[in-house]
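Here the structure is laid out as structure tokens; the discussion comes afterwards.
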Amino acid sequence: MSKFNINQFICRSDNYGVIISDKNTGLTASIDAPDAEMIDQELKKNDLKLTHIFITHKHLDHIEGIDYLKDKYGCIVIGPEKEKEEIPLLDITVIDEEYIDFSGSPIKIIETPGHTLGHIIYHFEQDNLLFAGDTLFLMGCGRVFEGTHEQMYKSLEKIKKLPPNTTIYCGHEYSIANAKFVASILPDNSNIKKRLDEIKSLRDQNKQTLPTLLDDELITNPFLMSDNSVLKRKLDMNNAKEEEIFSELRTRKDNF
Ligand code: ZN
Ligand code: FE
């Protein structure tokens, strides 16, 4: 049994809010601050006081609620050193491979440049949890706005190396669009077909599709499957390097 309660909700149309709290100590963190009002509502509903905010990157849909929440709760705001000029009210900035402690749980910071250059993700090592922001999505990955495709490829390689039983929380509910794209590339893959059906049925009932398990991503997320021979063949890139496969996929998804 995990010592944490995790409460996930959709806000701002397709952003995910996530609140993680220690059942015993009451320490409570929000992953990013997409929507102050919704986060506050969820805190109240569960009788929680916000003690921390963990910011993944500087985009407005991840930081807009900081001002309000910090003012109301006086919480500690942690975020990437490389984006400190663009994120308001940071108390602590962190860099690659640095560890921070949350309620006795070691969290490893992993820099994942690509979506933005300073993007970080939070790996709760003991608890097998990853908060991936806009770097990885269910059957997808973030758009490469600032970095190069090669940088994003390397960032995803870091996620691939985490334990397969890692539970992954992401910044957005993009699963349907992602799964449709993946099914268009690998229409004969039964794992992908099955997952597309599951996602459709969940979204039809207005249910959340996240979190996801790394183990499932490794066999259904093509952005983590650049070494897959069927994928290479489907792209007509049998002899291409893995980062070239990734880049081709990212370009196709951008135009899908
Ligand atoms: Zn973003
Ligand atoms: Fe976002």
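Labels used: A, B, ... for chains in the order of the structure tokens, numbers from 1 for residues in each chain, and numbers from 1 for ligands as shown.
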Taking only C-alpha atoms and all ligand atoms into account, list the residues no farther than 9 Å from ligand 2, as a PyMOL selection string. chain A and resi 14-16+34+57+59-62+133-134+142+171-172
Export of prior selection with N, CA, C and O atoms as a short mmCIF file (atom, residue, chain, number, x, y, z; two decimals), in the first residue's frame:
data_model
loop_
_atom_site.label_atom_id
_atom_site.label_comp_id
_atom_site.auth_asym_id
_atom_site.auth_seq_id
_atom_site.Cartn_x
_atom_site.Cartn_y
_atom_site.Cartn_z
N ASP A 14 -8.24 20.15 -21.28
CA ASP A 14 -7.52 18.86 -21.37
C ASP A 14 -6.27 18.78 -20.50
O ASP A 14 -5.47 17.86 -20.67
N ASN A 15 -6.09 19.71 -19.58
CA ASN A 15 -4.96 19.59 -18.63
C ASN A 15 -5.33 18.65 -17.49
O ASN A 15 -6.49 18.57 -17.09
N TYR A 16 -4.32 17.97 -16.97
CA TYR A 16 -4.53 17.19 -15.76
C TYR A 16 -4.00 17.94 -14.55
O TYR A 16 -2.87 18.44 -14.56
N PRO A 34 -2.13 24.18 -13.02
CA PRO A 34 -2.88 24.56 -14.21
C PRO A 34 -4.09 25.47 -13.90
O PRO A 34 -4.38 26.36 -14.68
N HIS A 57 7.37 22.69 -16.17
CA HIS A 57 7.90 23.62 -17.17
C HIS A 57 7.10 24.91 -17.19
O HIS A 57 6.06 25.02 -16.55
N HIS A 59 5.27 26.69 -19.35
CA HIS A 59 4.07 27.06 -20.12
C HIS A 59 2.93 27.49 -19.19
O HIS A 59 2.73 26.92 -18.12
N LEU A 60 2.17 28.47 -19.69
CA LEU A 60 1.13 29.09 -18.88
C LEU A 60 0.14 28.08 -18.30
O LEU A 60 -0.31 28.22 -17.17
N ASP A 61 -0.20 27.06 -19.09
CA ASP A 61 -1.20 26.09 -18.61
C ASP A 61 -0.64 25.18 -17.52
O ASP A 61 -1.34 24.29 -17.03
N HIS A 62 0.61 25.42 -17.09
CA HIS A 62 1.19 24.65 -15.99
C HIS A 62 1.57 25.53 -14.79
O HIS A 62 1.89 25.02 -13.73
N GLY A 133 4.80 15.63 -16.85
CA GLY A 133 4.46 16.91 -17.47
C GLY A 133 4.08 16.75 -18.93
O GLY A 133 3.28 15.87 -19.28
N ASP A 134 4.69 17.55 -19.80
CA ASP A 134 4.39 17.47 -21.23
C ASP A 134 5.51 16.79 -22.01
O ASP A 134 5.67 17.02 -23.21
N GLY A 142 5.29 14.91 -25.97
CA GLY A 142 5.02 16.33 -26.15
C GLY A 142 5.52 16.83 -27.50
O GLY A 142 6.44 16.27 -28.09
N GLY A 171 0.70 15.54 -18.22
CA GLY A 171 0.11 16.88 -18.16
C GLY A 171 -1.21 17.05 -18.89
O GLY A 171 -1.95 18.00 -18.62
N HIS A 172 -1.52 16.15 -19.81
CA HIS A 172 -2.74 16.34 -20.62
C HIS A 172 -3.46 15.03 -20.91
O HIS A 172 -2.84 13.96 -20.97
#
Taking 6 positions as the minimum chain separation for residues in the same chain, which residues sit within 9 Å of A:Met152 when counting only C-alpha atoms? Answer as an MDAnalysis selection string. chainID A and resid 112:115 135 141:142 144 246
Once you have the residues from the selection above, write them out as a compact mmCIF listing (two decimals), in the first residue's frame, restricted to N, CA, C and O atoms.
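As a result, part_18.txt now contains:
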# COMPACT_ATOMS: atom_id res chain seq x y z
N THR A 112 14.40 16.85 -19.08
CA THR A 112 13.94 16.24 -20.33
C THR A 112 13.71 17.33 -21.38
O THR A 112 12.58 17.63 -21.75
N PRO A 113 14.80 17.95 -21.87
CA PRO A 113 14.63 19.02 -22.86
C PRO A 113 13.98 18.50 -24.14
O PRO A 113 14.17 17.35 -24.52
N GLY A 114 13.20 19.37 -24.78
CA GLY A 114 12.53 18.99 -26.02
C GLY A 114 11.26 19.82 -26.18
O GLY A 114 11.18 20.71 -27.01
N HIS A 115 10.28 19.53 -25.34
CA HIS A 115 9.03 20.32 -25.35
C HIS A 115 9.36 21.78 -25.02
O HIS A 115 9.00 22.70 -25.74
N THR A 135 6.30 15.94 -21.33
CA THR A 135 7.33 15.19 -22.05
C THR A 135 6.75 13.91 -22.64
O THR A 135 6.94 13.61 -23.82
N CYS A 141 3.96 11.74 -27.10
CA CYS A 141 4.94 12.56 -26.39
C CYS A 141 4.64 14.03 -26.71
O CYS A 141 3.85 14.33 -27.60
N GLY A 142 5.29 14.91 -25.97
CA GLY A 142 5.02 16.33 -26.15
C GLY A 142 5.52 16.83 -27.50
O GLY A 142 6.44 16.27 -28.09
N VAL A 144 7.63 19.11 -29.86
CA VAL A 144 8.98 19.64 -29.65
C VAL A 144 8.97 21.13 -30.04
O VAL A 144 9.11 21.47 -31.20
N PHE A 246 12.30 8.14 -34.54
CA PHE A 246 11.59 9.04 -33.63
C PHE A 246 11.20 10.33 -34.35
O PHE A 246 10.07 10.79 -34.29
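Relative to atom CA of A:Ser155, atom CA of A:Leu202 is found at 29.1 Å.
Among the candidates A:Phe223, A:Phe102, A:Phe137, A:Tyr68, the one nearest to ligand 1 when counting only C-alpha atoms and all ligand atoms is A:Phe137.
Excluding A:Gly79 itself and same-chain residues fewer than 5 positions from it, the residues having an atom within 10 Å of it are Asp32, Ile53, Phe54, Ile55, Thr56, His57, Lys58, Lys84, Ile87, Pro88, Leu89, Leu90, Asp91, Ile92, Thr93, Val94, Ile95, Ile109, Gly118, His119, Ile120 and Ile121 of chain A, counting only C-alpha atoms.
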